[in-house]
file run-v9.csv (CSV, C-alpha atoms)
chain,number,residue,atom,x,y,z
A,1,MET,CA,0.6,26.6,6.6
A,2,ASN,CA,2.2,23.3,7.5
A,3,PRO,CA,5.4,22.9,5.4
A,4,PHE,CA,4.3,19.3,4.6
A,5,HIS,CA,0.7,20.3,3.7
A,6,ARG,CA,1.1,19.5,0.0
A,7,LEU,CA,2.6,16.2,0.7
A,8,TRP,CA,-0.3,15.2,2.9
A,9,GLN,CA,-2.7,16.2,0.1
A,10,LEU,CA,-0.8,13.9,-2.3
A,11,SER,CA,-1.0,11.1,0.3
A,12,LEU,CA,-4.7,11.6,0.7
A,13,PHE,CA,-5.1,11.7,-3.1
A,14,SER,CA,-3.2,8.3,-3.2
A,15,PHE,CA,-5.7,6.9,-0.7
A,16,ILE,CA,-8.6,7.9,-2.9
A,17,LEU,CA,-7.0,6.3,-5.9
A,18,ALA,CA,-6.3,3.1,-4.0
A,19,ALA,CA,-9.9,3.0,-2.7
A,20,ILE,CA,-11.2,3.4,-6.3
A,21,THR,CA,-8.9,0.6,-7.3
A,22,GLY,CA,-10.4,-1.6,-4.5
A,23,PHE,CA,-13.8,-0.8,-5.9
A,24,LEU,CA,-12.6,-1.8,-9.4
A,25,TYR,CA,-11.5,-5.1,-8.0
A,26,ARG,CA,-14.9,-5.8,-6.5
A,27,TYR,CA,-16.6,-4.6,-9.7
A,28,GLY,CA,-14.6,-7.0,-11.7
A,29,MET,CA,-15.9,-9.9,-9.6
A,30,LEU,CA,-19.4,-9.1,-10.9
A,31,TYR,CA,-19.0,-7.5,-14.3
A,32,PRO,CA,-16.5,-8.0,-17.2
A,33,LEU,CA,-13.5,-5.7,-17.2
A,34,PRO,CA,-11.4,-4.9,-20.3
A,35,GLU,CA,-8.8,-7.6,-21.1
A,36,ILE,CA,-5.9,-5.4,-20.0
A,37,PHE,CA,-7.0,-5.7,-16.3
A,38,HIS,CA,-6.2,-8.8,-14.3
A,39,PHE,CA,-7.3,-9.4,-10.7
A,40,ALA,CA,-3.8,-10.0,-9.4
A,41,ASN,CA,-2.5,-6.8,-10.9
A,42,ILE,CA,-5.4,-4.7,-9.6
A,43,ARG,CA,-4.7,-6.1,-6.1
A,44,HIS,CA,-1.0,-5.3,-6.4
A,45,ALA,CA,-1.8,-1.8,-7.5
A,46,HIS,CA,-4.2,-1.3,-4.6
A,47,SER,CA,-1.9,-2.6,-1.9
A,48,HIS,CA,1.3,-1.1,-3.1
A,49,LEU,CA,-0.2,2.4,-3.4
A,50,MET,CA,-1.5,2.1,0.1
A,51,PHE,CA,1.9,0.9,1.4
A,52,PHE,CA,4.0,3.4,-0.5
A,53,ASN,CA,2.0,6.6,-0.3
A,54,TRP,CA,-0.6,6.3,2.4
A,55,ILE,CA,1.2,4.6,5.2
A,56,CYS,CA,4.9,5.7,4.8
A,57,PRO,CA,4.9,9.5,4.0
A,58,PRO,CA,2.2,10.6,6.5
A,59,LEU,CA,3.9,8.6,9.3
A,60,MET,CA,7.2,10.1,8.4
A,61,ILE,CA,5.8,13.6,8.4
A,62,LEU,CA,4.4,13.1,11.9
A,63,MET,CA,7.8,11.7,13.0
A,64,ILE,CA,9.7,14.7,11.7
A,65,GLN,CA,7.3,17.1,13.3
A,66,HIS,CA,7.6,15.4,16.6
A,67,LEU,CA,11.4,15.8,16.5
A,68,SER,CA,11.2,19.5,15.7
A,69,LYS,CA,12.5,21.9,18.3
A,70,ASN,CA,10.4,25.1,18.8
A,71,GLY,CA,8.7,24.5,15.5
A,72,GLU,CA,12.0,24.5,13.6
A,73,ILE,CA,12.8,21.4,11.6
A,74,LYS,CA,16.4,20.6,10.6
A,75,TYR,CA,17.0,19.7,7.0
A,76,ILE,CA,13.4,20.5,6.2
A,77,ASN,CA,14.1,21.0,2.5
A,78,SER,CA,16.0,17.6,2.3
A,79,PHE,CA,13.0,15.9,4.0
A,80,LYS,CA,10.6,17.6,1.6
A,81,TRP,CA,12.6,16.4,-1.3
A,82,CYS,CA,12.9,12.9,0.1
A,83,LEU,CA,9.1,12.6,0.7
A,84,SER,CA,8.3,14.2,-2.7
A,85,VAL,CA,10.4,11.6,-4.5
A,86,MET,CA,8.9,8.8,-2.4
A,87,ILE,CA,5.3,9.9,-3.3
A,88,PHE,CA,6.2,10.4,-7.0
A,89,LEU,CA,7.7,6.9,-7.2
A,90,GLY,CA,4.7,5.5,-5.5
A,91,LEU,CA,2.4,7.1,-8.0
A,92,LEU,CA,4.7,6.1,-10.9
A,93,SER,CA,4.6,2.5,-9.8
A,94,TYR,CA,0.8,2.5,-9.8
A,95,PRO,CA,0.1,2.1,-13.6
A,96,PHE,CA,2.8,-0.5,-14.0
A,97,PHE,CA,1.3,-2.6,-11.1
A,98,LEU,CA,-2.2,-2.0,-12.5
A,99,PHE,CA,-1.5,-3.1,-16.1
A,100,TYR,CA,1.5,-5.4,-15.8
A,101,GLY,CA,1.9,-6.5,-12.1
A,102,TYR,CA,5.4,-8.0,-11.6
A,103,GLN,CA,5.6,-9.0,-15.3
A,104,SER,CA,8.4,-7.5,-17.5
A,105,VAL,CA,7.6,-4.6,-19.8
A,106,ALA,CA,9.1,-4.4,-23.3
A,107,ILE,CA,11.2,-1.3,-23.7
A,108,GLY,CA,13.0,-1.4,-27.1
A,109,SER,CA,14.9,-4.7,-27.1
A,110,ALA,CA,14.9,-5.1,-23.4
A,111,ASN,CA,12.2,-6.6,-21.0
A,112,LEU,CA,12.3,-4.9,-17.6
A,113,PRO,CA,10.1,-5.6,-14.5
A,114,LEU,CA,9.4,-1.9,-14.1
A,115,ALA,CA,7.0,-2.2,-11.2
A,116,ALA,CA,9.7,-4.2,-9.2
A,117,ILE,CA,12.4,-1.7,-10.2
A,118,ILE,CA,10.3,1.3,-9.0
A,119,SER,CA,9.5,-0.5,-5.8
A,120,GLY,CA,13.2,-0.9,-5.2
A,121,LEU,CA,13.7,2.8,-5.7
A,122,VAL,CA,10.9,3.5,-3.2
A,123,MET,CA,12.8,1.4,-0.6
A,124,ILE,CA,16.0,3.4,-1.4
A,125,ALA,CA,13.9,6.5,-0.6
A,126,TRP,CA,13.1,4.9,2.8
A,127,TYR,CA,16.9,4.6,3.5
A,128,TRP,CA,17.3,8.2,2.4
A,129,PHE,CA,14.6,9.2,5.0
A,130,ALA,CA,16.2,7.1,7.7
A,131,TRP,CA,19.6,8.8,7.1
A,132,LEU,CA,18.0,12.2,7.3
A,133,TYR,CA,16.1,11.2,10.4
A,134,TYR,CA,19.1,10.1,12.3
A,135,LYS,CA,21.0,13.3,11.4
A,136,ILE,CA,18.5,15.3,13.5
A,137,GLU,CA,19.9,16.2,16.8
A,138,LYS,CA,18.2,14.1,19.5
A,139,ARG,CA,16.3,15.6,22.4
A,140,ASP,CA,17.9,16.1,25.8
A,141,SER,CA,15.3,13.8,27.4
A,142,GLU,CA,13.7,11.0,25.5
A,143,SER,CA,9.9,10.4,25.4
A,144,VAL,CA,8.0,7.2,24.9
A,145,THR,CA,7.0,8.5,21.5
A,146,HIS,CA,10.6,9.1,20.6
A,147,ILE,CA,11.7,5.6,21.5
A,148,ILE,CA,8.7,3.9,19.9
A,149,VAL,CA,9.2,5.9,16.7
A,150,ASP,CA,12.9,4.9,16.6
A,151,GLY,CA,11.9,1.3,16.8
A,152,ALA,CA,9.3,1.7,14.1
A,153,LEU,CA,11.8,3.1,11.7
A,154,LEU,CA,14.1,0.2,12.4
A,155,THR,CA,11.4,-2.3,11.6
A,156,LEU,CA,10.8,-0.5,8.3
A,157,LEU,CA,14.4,-1.0,7.3
A,158,ILE,CA,14.3,-4.6,8.5
A,159,SER,CA,11.1,-5.3,6.4
A,160,SER,CA,12.9,-4.1,3.3
A,161,LEU,CA,15.4,-7.0,3.6
A,162,GLY,CA,12.5,-9.4,2.9
A,163,ALA,CA,11.6,-7.5,-0.3
A,164,TRP,CA,15.2,-7.4,-1.5
A,165,GLY,CA,15.5,-11.1,-0.7
A,166,VAL,CA,12.6,-11.9,-3.0
A,167,SER,CA,14.2,-9.9,-5.9
A,168,ILE,CA,17.6,-11.6,-5.4
A,169,PHE,CA,16.1,-15.1,-5.0
A,170,GLN,CA,14.6,-14.8,-8.5
A,171,PHE,CA,18.1,-14.9,-10.0
A,172,THR,CA,19.3,-18.0,-8.1
A,173,PRO,CA,19.0,-21.6,-9.4
A,174,ILE,CA,17.1,-22.6,-6.2
A,175,ASP,CA,13.5,-23.7,-6.8
A,176,SER,CA,11.8,-23.4,-3.4
A,177,PRO,CA,8.2,-22.0,-3.1
A,178,LEU,CA,8.8,-21.9,0.7
A,179,ILE,CA,11.8,-19.6,0.6
A,180,SER,CA,10.2,-17.2,-1.9
A,181,SER,CA,6.9,-17.1,-0.1
A,182,ALA,CA,8.6,-16.8,3.3
A,183,MET,CA,10.6,-13.7,2.2
A,184,THR,CA,7.4,-12.1,0.8
A,185,HIS,CA,5.5,-12.6,4.0
A,186,PHE,CA,8.4,-11.6,6.2
A,187,PHE,CA,8.3,-8.2,4.4
A,188,LEU,CA,4.5,-7.9,4.9
A,189,SER,CA,4.5,-9.0,8.5
A,190,VAL,CA,7.3,-6.7,9.6
A,191,PHE,CA,5.9,-3.8,7.5
A,192,THR,CA,2.4,-4.1,8.9
A,193,GLU,CA,2.9,-5.4,12.4
A,194,GLY,CA,6.2,-3.6,13.0
A,195,TRP,CA,6.5,-0.4,11.1
A,196,THR,CA,2.8,0.5,10.7
A,197,VAL,CA,1.7,-0.5,14.2
A,198,LEU,CA,4.7,1.0,16.1
A,199,GLY,CA,4.6,4.1,13.9
A,200,ILE,CA,1.0,4.9,14.6
A,201,LEU,CA,1.2,3.9,18.2
A,202,GLY,CA,4.1,6.3,18.6
A,203,MET,CA,2.1,9.2,17.1
A,204,ILE,CA,-1.0,8.3,19.2
A,205,TRP,CA,1.3,8.5,22.3
A,206,ALA,CA,2.4,12.0,21.1
A,207,LYS,CA,-1.2,13.1,20.8
A,208,ALA,CA,-2.0,11.7,24.3
A,209,GLY,CA,0.9,13.4,25.8
A,210,SER,CA,4.0,11.2,25.7
A,211,VAL,CA,5.6,10.5,29.1
A,212,GLU,CA,9.3,10.3,29.8
A,213,PHE,CA,11.0,7.1,28.8
A,214,LYS,CA,11.7,4.6,31.6
A,215,PRO,CA,13.6,1.3,31.3
A,216,GLY,CA,10.3,-0.6,31.8
A,217,ALA,CA,8.8,1.2,28.7
A,218,GLY,CA,10.8,-1.2,26.5
A,219,TRP,CA,7.7,-3.5,26.8
A,220,LEU,CA,5.8,-0.9,24.7
A,221,TRP,CA,7.9,-1.5,21.6
A,222,MET,CA,10.5,-4.3,21.8
A,223,PRO,CA,8.1,-7.2,21.8
A,224,ILE,CA,6.4,-5.8,18.7
A,225,LEU,CA,9.7,-5.3,17.0
A,226,PHE,CA,10.9,-8.8,17.5
A,227,GLY,CA,7.4,-10.4,17.3
A,228,SER,CA,6.8,-8.9,13.9
A,229,MET,CA,9.9,-10.7,12.5
A,230,MET,CA,8.7,-14.1,13.9
A,231,ILE,CA,5.0,-14.3,12.8
A,232,PHE,CA,5.4,-14.6,9.0
A,233,PRO,CA,4.8,-18.4,9.1
A,234,PHE,CA,1.1,-17.6,9.9
A,235,SER,CA,0.7,-16.2,6.4
A,236,LEU,CA,2.1,-19.3,4.7
A,237,SER,CA,0.2,-22.4,3.8
A,238,GLN,CA,0.0,-24.8,6.7
A,239,SER,CA,1.4,-27.6,4.5
A,240,LEU,CA,4.7,-25.6,3.9
A,241,ILE,CA,5.7,-24.9,7.5
A,242,THR,CA,7.6,-27.0,10.0
A,243,PRO,CA,6.8,-27.4,13.7
A,244,ALA,CA,9.7,-25.1,14.6
A,245,MET,CA,8.4,-22.4,12.3
A,246,LEU,CA,4.9,-22.8,13.9
A,247,TYR,CA,6.2,-22.4,17.5
A,248,THR,CA,8.3,-19.5,16.5
A,249,ALA,CA,5.2,-17.8,15.1
A,250,TYR,CA,3.2,-18.6,18.3
A,251,ALA,CA,6.0,-17.0,20.4
A,252,GLY,CA,6.1,-13.9,18.1
A,253,MET,CA,2.3,-13.4,18.3
A,254,ILE,CA,2.3,-13.7,22.1
A,255,LEU,CA,5.0,-11.0,22.2
A,256,ILE,CA,2.9,-8.7,20.0
A,257,ILE,CA,-0.2,-9.4,22.1
A,258,VAL,CA,1.5,-8.4,25.3
A,259,SER,CA,3.0,-5.2,24.0
A,260,PHE,CA,0.1,-4.1,21.9
A,261,SER,CA,-2.3,-4.7,24.8
A,262,LEU,CA,-0.1,-2.8,27.2
A,263,ASN,CA,0.0,0.2,24.8
A,264,ILE,CA,-3.8,0.3,24.4
A,265,TYR,CA,-4.4,-0.1,28.1
A,266,LEU,CA,-2.1,2.7,29.0
A,267,LEU,CA,-3.4,5.0,26.3
A,268,ILE,CA,-7.0,4.5,27.4
A,269,LYS,CA,-5.9,5.0,31.0
A,270,GLN,CA,-4.6,8.5,30.0
A,271,LYS,CA,-8.3,9.5,29.5
A,272,VAL,CA,-7.4,12.3,27.0
A,273,LEU,CA,-8.3,10.7,23.7
A,274,ASN,CA,-12.0,11.0,23.5
A,275,GLY,CA,-14.7,11.3,20.8
A,276,PHE,CA,-16.1,9.0,18.1
A,277,MET,CA,-12.8,8.7,16.1
A,278,TRP,CA,-10.7,7.7,19.1
A,279,TYR,CA,-13.3,5.4,20.5
A,280,THR,CA,-13.4,3.7,17.1
A,281,VAL,CA,-9.6,3.3,17.1
A,282,PHE,CA,-9.7,1.6,20.5
A,283,PHE,CA,-12.6,-0.6,19.5
A,284,LEU,CA,-10.7,-1.8,16.4
A,285,ALA,CA,-7.6,-2.3,18.6
A,286,GLY,CA,-9.8,-4.7,20.6
A,287,PHE,CA,-10.8,-6.5,17.3
A,288,ILE,CA,-7.1,-6.8,16.4
A,289,LEU,CA,-6.3,-8.3,19.7
A,290,LEU,CA,-9.2,-10.8,19.3
A,291,PHE,CA,-7.8,-11.9,16.0
A,292,LYS,CA,-4.3,-12.3,17.5
A,293,PHE,CA,-5.6,-14.3,20.4
A,294,ALA,CA,-7.5,-16.6,18.0
A,295,ALA,CA,-4.2,-17.3,16.2
A,296,VAL,CA,-2.5,-18.7,19.3
A,297,LEU,CA,-5.5,-20.4,21.0
A,298,PRO,CA,-6.7,-23.9,19.9
A,299,VAL,CA,-9.8,-22.7,18.1
A,300,ASP,CA,-8.9,-24.1,14.6
A,301,ILE,CA,-8.4,-20.7,13.0
A,302,TRP,CA,-5.4,-20.2,10.6
A,303,PRO,CA,-4.5,-16.5,10.1
A,304,GLY,CA,-3.2,-17.2,6.6
A,305,GLU,CA,-6.7,-18.1,5.2
A,306,HIS,CA,-7.4,-15.7,2.4
A,307,GLY,CA,-10.7,-14.4,3.8
A,308,LEU,CA,-9.3,-13.9,7.3
A,309,ARG,CA,-6.1,-12.3,6.0
A,310,VAL,CA,-8.0,-9.8,3.8
A,311,LEU,CA,-10.3,-9.0,6.7
A,312,TYR,CA,-7.5,-8.5,9.2
A,313,LEU,CA,-5.5,-6.2,6.9
A,314,HIS,CA,-8.5,-4.0,6.4
A,315,VAL,CA,-9.2,-3.8,10.2
A,316,LEU,CA,-5.6,-2.8,10.8
A,317,LEU,CA,-4.9,-0.5,7.8
A,318,LEU,CA,-8.2,0.9,6.7
A,319,GLY,CA,-9.6,0.9,10.3
A,320,PHE,CA,-7.2,1.3,13.1
A,321,PHE,CA,-4.4,3.0,11.2
A,322,SER,CA,-6.4,5.2,8.8
A,323,VAL,CA,-9.0,6.5,11.3
A,324,ALA,CA,-6.2,7.5,13.7
A,325,LEU,CA,-4.2,9.1,10.9
A,326,ILE,CA,-7.1,11.2,9.7
A,327,GLU,CA,-7.7,12.5,13.3
A,328,LEU,CA,-4.0,13.2,13.8
A,329,PHE,CA,-3.7,15.2,10.5
A,330,GLN,CA,-7.1,16.9,10.3
A,331,PRO,CA,-8.3,17.4,13.9
A,332,LYS,CA,-10.2,20.6,12.9
A,333,THR,CA,-12.1,19.2,9.9
A,334,ALA,CA,-15.8,19.0,10.3
A,335,ARG,CA,-16.7,16.0,12.6
A,336,TRP,CA,-19.4,14.8,10.2
A,337,ILE,CA,-16.9,14.3,7.4
A,338,LYS,CA,-14.5,12.3,9.7
A,339,ALA,CA,-17.4,10.4,11.1
A,340,GLY,CA,-18.5,9.6,7.5
A,341,PHE,CA,-15.0,8.2,6.8
A,342,THR,CA,-15.0,6.2,10.0
A,343,ILE,CA,-18.4,4.7,9.3
A,344,SER,CA,-17.5,3.9,5.7
A,345,ALA,CA,-14.4,2.1,6.9
A,346,LEU,CA,-16.4,0.1,9.4
A,347,LEU,CA,-18.9,-0.9,6.7
A,348,VAL,CA,-16.1,-2.1,4.5
A,349,ILE,CA,-14.7,-4.2,7.3
A,350,PHE,CA,-18.2,-5.6,8.1
A,351,SER,CA,-18.7,-6.5,4.5
A,352,LEU,CA,-15.4,-8.4,4.4
A,353,PHE,CA,-16.3,-10.2,7.6
A,354,MET,CA,-19.4,-11.6,5.7
A,355,ILE,CA,-17.1,-13.2,3.1
A,356,SER,CA,-14.4,-14.2,5.5
A,357,GLY,CA,-15.8,-17.8,5.8
A,358,TYR,CA,-16.8,-17.2,9.4
A,359,TRP,CA,-20.1,-15.5,8.8
A,360,PRO,CA,-23.2,-17.7,9.3
A,361,GLN,CA,-24.5,-18.9,6.0
A,362,ALA,CA,-28.1,-18.4,7.1
A,363,LEU,CA,-27.4,-14.7,7.6
A,364,ILE,CA,-25.9,-14.0,4.2
A,365,PRO,CA,-28.2,-11.6,2.3
A,366,PRO,CA,-29.2,-12.0,-1.4
A,367,ASN,CA,-26.9,-10.2,-3.9
A,368,LEU,CA,-24.1,-10.1,-1.3
A,369,PHE,CA,-21.3,-9.4,-3.7
A,370,PHE,CA,-23.2,-6.6,-5.3
A,371,TRP,CA,-23.5,-4.9,-1.9
A,372,ILE,CA,-19.9,-5.6,-1.1
A,373,MET,CA,-19.0,-3.8,-4.4
A,374,VAL,CA,-21.1,-0.8,-3.4
A,375,VAL,CA,-19.7,-0.7,0.1
A,376,ALA,CA,-16.1,-0.9,-1.3
A,377,GLY,CA,-16.6,2.4,-3.0
A,378,LEU,CA,-18.0,4.3,0.1
A,379,PRO,CA,-14.7,5.5,1.6
A,380,VAL,CA,-14.0,7.4,-1.6
A,381,ILE,CA,-16.7,9.9,-0.8
A,382,PRO,CA,-15.6,11.1,2.7
A,383,ALA,CA,-11.9,10.8,1.7
A,384,ALA,CA,-12.6,13.2,-1.3
A,385,LEU,CA,-14.3,15.6,1.1
A,386,LEU,CA,-11.3,15.4,3.4
A,387,TRP,CA,-9.1,16.1,0.4
A,388,PHE,CA,-11.2,19.1,-0.7
A,389,ASP,CA,-11.1,20.5,2.9
A,390,THR,CA,-7.3,20.5,2.8
A,391,PHE,CA,-7.4,22.9,-0.2
A,392,LYS,CA,-9.9,25.1,1.5
A,393,LYS,CA,-7.7,25.4,4.6
A,394,SER,CA,-4.5,25.9,2.5
A,395,TYR,CA,-5.8,29.2,1.1
A,396,LYS,CA,-7.0,30.7,4.5
call {"tool": "encode", "arguments": {"input": "run-v9.csv", "output": "C-alpha cells"}}
result
Amino acid sequence: MNPFHRLWQLSLFSFILAAITGFLYRYGMLYPLPEIFHFANIRHAHSHLMFFNWICPPLMILMIQHLSKNGEIKYINSFKWCLSVMIFLGLLSYPFFLFYGYQSVAIGSANLPLAAIISGLVMIAWYWFAWLYYKIEKRDSESVTHIIVDGALLTLLISSLGAWGVSIFQFTPIDSPLISSAMTHFFLSVFTEGWTVLGILGMIWAKAGSVEFKPGAGWLWMPILFGSMMIFPFSLSQSLITPAMLYTAYAGMILIIVSFSLNIYLLIKQKVLNGFMWYTVFFLAGFILLFKFAAVLPVDIWPGEHGLRVLYLHVLLLGFFSVALIELFQPKTARWIKAGFTISALLVIFSLFMISGYWPQALIPPNLFFWIMVVAGLPVIPAALLWFDTFKKSYK
C-alpha cells in the first residue's frame, strides 16, 4: 500500500467537508441559518480547508514520490509527520473559521485570533516540508517535472510572505485599505496561479513522461513564477490601483498566458494523456486561457469582479486542478465514479457562470438560486464514492 495512502484519504475527506460547506453557503442564501453562522465565516472555512488540506498535501505527496529513487523515499517518516501535522492543523482551523472567522476568541482573560494563529502554524508546516524536500538528494539528470516542481515550491514560500504581511500590518498604525488588500491578494494570486498551477502542471508532466530539462524549458515555469507575483492588482477594486500597478498586472498576465499556453500545447502534443478526465482538464485549461486573454484585451472585463472571480477560482481549483488530481491519485478507480466527479464539477462551474453577471438575462431559468444550491452539493456524492473506494483498496 502507498505509504501516504492514509494522508490522501484525509485530504479527500477534507474536500468532502469543504464541498458540504460550499453547499451550506448556498443554502444560507435561500433559507435561514442558525445565528452562529455568518456568510463570510462560511466562505473562509470553505476556502481555507481547500487551500490547506486539498491543494497542499496531495501535491506534496506527488512531489515526494517523483523524487524517490527505486521506490525508496528518503526521510519518509519525517515527511509523513510533516504532512500529518499539516492536515491536522487544516482540520483544526476549520471550526474556528466556520464559527469565528478572523475574529478573536475569548480564552480565559485573553482574546486570541485562533483561526489566524492556526493558519500561521500551517505555513510553518509548509517551511518544514520545504526543508525536508531540499534535503532529498537530487537526481543525476533533471527533468522538466523536477524543475517545474522546484519552481512551484518556491512560489508557495513566496505566497506566504503576503499572508505574514497581512498579520504584521494589523499591528502597525498605518491605516491603508490598499496595502492590506494588496497583501491578501498577493498571497492568493501567488498561491493559486503560482503554487497550484505549477505544482499540478509538474505532476501532469510526470504522468505524460517528463522530458530532460533543456535551457529553453525555462519558459515552462519562470513566466508563471514571476507573473503570479505581478497580477494581484487584478483582484483589487479598480478605484484603488494606480496606472503603474495596472500595467504591471497586464505584463504579469501576459507572462502567465505565454507559459501556460506552451505547457498545455506541449502536453497535448505528447498524445499520451487520453480519456474523458484528461480531455476535460485540457478543455478547462482552454477556459482558463480565455479568461486570462479577456483580462488583457480591451473587452471591458475586470477579473476582480466578484462573480467572475468566484467563477474563475472554481474553474481553476474545482475543475482543472481537482479533476487532474483525482486522475493522478486514483487512476484505477471505476471510470463512472471519476466521470461523475468531473460532470458534477462542470455543473457547478456552469451554475456559477449563470450568476457571474455575464449570462444572458433572457436565459436565466426560474428558481435559479435553488438549482445553484442543489448543484453545489453534487460533488459531495462522487467524492464520497472516491473516498469509500480508497478504503476498499487499502484492505486488498
call {"tool": "residues_around", "arguments": {"input": "run-v9.csv", "residues": "A:Ser210", "least_positions_apart": "4", "cutoff": "9 Å", "atoms": "all atoms listed in the file", "output": "PyMOL selection string"}}
result
chain A and resi 143-146+202+204-206
call {"tool": "closest_residue", "arguments": {"input": "run-v9.csv", "among": "A:Ser14, A:Ser47, A:Ser228, A:Ser356", "to": "A:Ala251", "atoms": "all atoms listed in the file"}}
result
A:Ser228
call {"tool": "closest_atom_pairs", "arguments": {"input": "run-v9.csv", "of": "stretch 23-106 of chain A", "to": "stretch 365-371 of chain A", "cutoff": "9 Å", "atoms": "all atoms listed in the file", "output": "CSV"}}
result
residue,atom,partner,partner_atom,distance
A:Arg26,CA,A:Phe369,CA,7.9
A:Tyr27,CA,A:Phe370,CA,8.2
A:Met29,CA,A:Phe369,CA,8.0
A:Leu30,CA,A:Phe370,CA,7.2
call {"tool": "closest_residue", "arguments": {"input": "run-v9.csv", "among": "A:Leu98, A:Leu89, A:Leu346, A:Leu290", "to": "A:Phe37", "atoms": "all atoms listed in the file"}}
result
A:Leu98
call {"tool": "closest_residue", "arguments": {"input": "run-v9.csv", "among": "A:Ile241, A:Phe129, A:Lys332, A:Ala383", "to": "A:Ser181", "atoms": "only C-alpha atoms"}}
result
A:Ile241
call {"tool": "residues_around", "arguments": {"input": "run-v9.csv", "residues": "A:Lys292", "least_positions_apart": "3", "cutoff": "10 Å", "atoms": "only C-alpha atoms", "output": "list in words"}}
result
Tyr250, Met253, Ile254, Ile256, Ile257, Gly286, Phe287, Ile288, Leu289, Ala295, Val296, Leu297, Pro303 and Tyr312 of chain A
call {"tool": "residues_around", "arguments": {"input": "run-v9.csv", "residues": "A:Leu201", "least_positions_apart": "6", "cutoff": "10 Å", "atoms": "all atoms listed in the file", "output": "ChimeraX atom specification"}}
result
/A:145,148-149,152,195,207,220-221,260,263-264,267,321,324
call {"tool": "residues_around", "arguments": {"input": "run-v9.csv", "residues": "A:Phe186", "least_positions_apart": "6", "cutoff": "9 Å", "atoms": "all atoms listed in the file", "output": "ChimeraX atom specification"}}
result
/A:159,161-163,228-233,235
call {"tool": "residues_around", "arguments": {"input": "run-v9.csv", "residues": "stretch 51-57 of chain A", "least_positions_apart": "6", "cutoff": "9 Å", "atoms": "only C-alpha atoms", "output": "ChimeraX atom specification"}}
result
/A:7-8,10-15,83-84,86-91,119,122,126,191,195-196,317,321-322
call {"tool": "atom_distance", "arguments": {"input": "run-v9.csv", "atom1": "atom CA of A:Ala130", "atom2": "atom CA of A:Leu153"}}
result
7.2 Å
call {"tool": "atom_distance", "arguments": {"input": "run-v9.csv", "atom1": "atom CA of A:Ser180", "atom2": "atom CA of A:Val166"}}
result
5.9 Å
call {"tool": "closest_residue", "arguments": {"input": "run-v9.csv", "among": "A:Leu157, A:Ile301, A:Phe341, A:Ala376", "to": "A:Tyr358", "atoms": "only C-alpha atoms"}}
result
A:Ile301
call {"tool": "atom_distance", "arguments": {"input": "run-v9.csv", "atom1": "atom CA of A:Leu325", "atom2": "atom CA of A:Leu49"}}
result
16.3 Å
call {"tool": "closest_residue", "arguments": {"input": "run-v9.csv", "among": "A:Leu328, A:Ala18, A:Leu240, A:Ala249", "to": "A:Leu59", "atoms": "only C-alpha atoms"}}
result
A:Leu328
call {"tool": "closest_residue", "arguments": {"input": "run-v9.csv", "among": "A:Tyr75, A:Trp302, A:Phe39, A:Phe276", "to": "A:Tyr133", "atoms": "all atoms listed in the file"}}
result
A:Tyr75
